[in-house]
Amino acid sequence: MKSLAKLLCASPTVANSSAARELISDMTYEVIPLKSLPEAITQLPANARVSVTASPVKPLEETLDICAELLELGHRPIPHLAARKVSDAAHLRSLAKRVTDLGISEIFCIAGDAENAGEYPDAMALLRPLLEMTTGAITSVGVSSYPDGHAFIDNSALRQALLDKQELFTEADIKGHASTQMCFSTETIRTWLTDLRTEGLTMPIHLGVAGVVDRAKLLTMGMRLGVGASLRYLQKNRTGLLQLFSSVGYDPSDLIFPLASDFDTLGIEGLHVFTFNQVEATERWQQTKLR
């Protein structure tokens, strides 16, 4: 594995790309509700965009508690609301009120991995009533997208779901974006997104990349996040994982820079970084690329 010093200095040409620098300067740090989270929060840069995942074993109320803490620290939290963890309309109203009371205007909505869903089996089922309950409060919504495909959902259904969400956001006058799950192939991302644009997807894309993460810790965290999610990821990302866990190592720049010249054409307007709570190394990488 590369030393951290070598990793931070890799791909220096990224720093010369204004398009890449713009995304890196206001990238979103994704964090996970684990025991390591309090320390990770202390390592965030000032006024950070912070995406707070929904724990598979904790209620969504705890996600919003973390967001409240981040707000007090001067950050911009974005809670993940997992549809399958919302039991019924009363539960959704309670969550919507908390989001509104906190003054949170941006959320990230996913289906989630809970086996026993309540009234909302997927993100689309949750979004329409949620937006009605928070009219004027929520102004921006992120949703998931899958350049490498999904283990259990076929590609045509995934694409139609994105188009349906785009239509809903237009109707509700909401600024929506699709954030990609981790994909380690720039060509896969480029081809996937080019095809979606021809099919009518106009939503901005936030490029999802792994941060500067210790390989052993990543594996440990991956299993703690849920066996089901880990297995689906492994099934779809064997090539990328081999690269990530190779002796050569991995640098987020290797995915960002080759796409930088196509950001405008592809509609890539944001950067979503999966830190796995190893915020310090990723923040150092960010600062290095902005020098």
# chains A, B, ... in the order shown; residues from 1 in each chain; ligands from 1
$ residues_around --residues "Ile104 of chain A" --least-positions-apart "4" --cutoff "8 Å" --atoms "only C-alpha atoms" --output "JSON list (two decimals) with C-alpha atoms, in the first residue's frame"
[["chain", "number", "residue", "atom", "x", "y", "z"],
["A", 77, "PRO", "CA", -25.96, 17.99, 7.50],
["A", 78, "ILE", "CA", -27.92, 15.94, 4.98],
["A", 99, "VAL", "CA", -36.55, 17.83, 9.81],
["A", 100, "THR", "CA", -38.58, 21.04, 9.53],
["A", 137, "ALA", "CA", -39.06, 23.37, 3.93],
["A", 138, "ILE", "CA", -37.23, 20.75, 1.89]]
$ closest_atom_pairs --of "segment 51-161 of chain A" --to "segment 178-193 of chain A" --cutoff "12 Å" --atoms "only C-alpha atoms" --output "Markdown table"
| residue | atom | partner | partner_atom | distance |
| --- | --- | --- | --- | --- |
| A:Ser51 | CA | A:Ser179 | CA | 11.3 |
| A:Ile107 | CA | A:Ala178 | CA | 11.9 |
| A:Phe108 | CA | A:Ser179 | CA | 9.1 |
| A:Cys109 | CA | A:Ala178 | CA | 10.1 |
| A:Ile110 | CA | A:Ser179 | CA | 10.7 |
| A:Ser140 | CA | A:Ala178 | CA | 11.1 |
| A:Val141 | CA | A:Ala178 | CA | 8.6 |
| A:Gly142 | CA | A:Ala178 | CA | 5.6 |
| A:Val143 | CA | A:Ala178 | CA | 4.9 |
| A:Ser144 | CA | A:Ser179 | CA | 5.1 |
| A:Ser145 | CA | A:Thr180 | CA | 4.7 |
| A:Tyr146 | CA | A:Gln181 | CA | 5.6 |
| A:Pro147 | CA | A:Ile189 | CA | 5.6 |
| A:Asp148 | CA | A:Cys183 | CA | 6.4 |
| A:Gly149 | CA | A:Gln181 | CA | 9.3 |
| A:His150 | CA | A:Gln181 | CA | 9.8 |
| A:Asn155 | CA | A:Trp192 | CA | 10.2 |
| A:Ser156 | CA | A:Trp192 | CA | 12.0 |
| A:Leu158 | CA | A:Trp192 | CA | 11.7 |
| A:Arg159 | CA | A:Trp192 | CA | 10.1 |
| A:Ala161 | CA | A:Ala178 | CA | 11.1 |
$ write_last_selection --atoms "C-alpha atoms" --output "PDB file, in the first residue's frame"
ATOM      1  CA  SER A  51     -24.255  13.210   4.516  1.00  0.00           C
ATOM      2  CA  ILE A 107     -32.243  15.289   2.481  1.00  0.00           C
ATOM      3  CA  PHE A 108     -31.067  12.086   0.837  1.00  0.00           C
ATOM      4  CA  CYS A 109     -33.808   9.520   0.263  1.00  0.00           C
ATOM      5  CA  ILE A 110     -33.126   5.813  -0.242  1.00  0.00           C
ATOM      6  CA  SER A 140     -33.233  19.775  -2.325  1.00  0.00           C
ATOM      7  CA  VAL A 141     -33.318  15.960  -2.466  1.00  0.00           C
ATOM      8  CA  GLY A 142     -30.655  13.448  -3.398  1.00  0.00           C
ATOM      9  CA  VAL A 143     -31.387   9.905  -4.549  1.00  0.00           C
ATOM     10  CA  SER A 144     -29.234   6.892  -5.323  1.00  0.00           C
ATOM     11  CA  SER A 145     -28.073   5.767  -8.757  1.00  0.00           C
ATOM     12  CA  TYR A 146     -26.124   2.720  -9.867  1.00  0.00           C
ATOM     13  CA  PRO A 147     -23.572   2.891 -12.707  1.00  0.00           C
ATOM     14  CA  ASP A 148     -22.605  -0.742 -11.997  1.00  0.00           C
ATOM     15  CA  GLY A 149     -26.203  -1.870 -11.693  1.00  0.00           C
ATOM     16  CA  HIS A 150     -27.951  -3.377  -8.692  1.00  0.00           C
ATOM     17  CA  ASN A 155     -31.287  -1.758 -15.129  1.00  0.00           C
ATOM     18  CA  SER A 156     -34.509  -0.765 -16.897  1.00  0.00           C
ATOM     19  CA  LEU A 158     -33.452   1.556 -12.085  1.00  0.00           C
ATOM     20  CA  ARG A 159     -33.517   3.970 -15.003  1.00  0.00           C
ATOM     21  CA  ALA A 161     -37.145   5.042 -11.173  1.00  0.00           C
TER      22      ALA A 161
END
$ closest_residue --among "A:Pro252, A:Gly176, A:Pro33, A:Gly136" --to "Glu269 of chain A" --atoms "only C-alpha atoms"
A:Gly176
$ select_by_dssp --residues "segment 14-127 of chain A" --states "alpha helix (DSSP H)" --output "PyMOL selection string"
chain A and resi 18-25+37-42+60-72+89-102+123-127
$ atom_distance --atom1 "atom CA of Val50 of chain A" --atom2 "atom CA of Arg284 of chain A"
16.2 Å
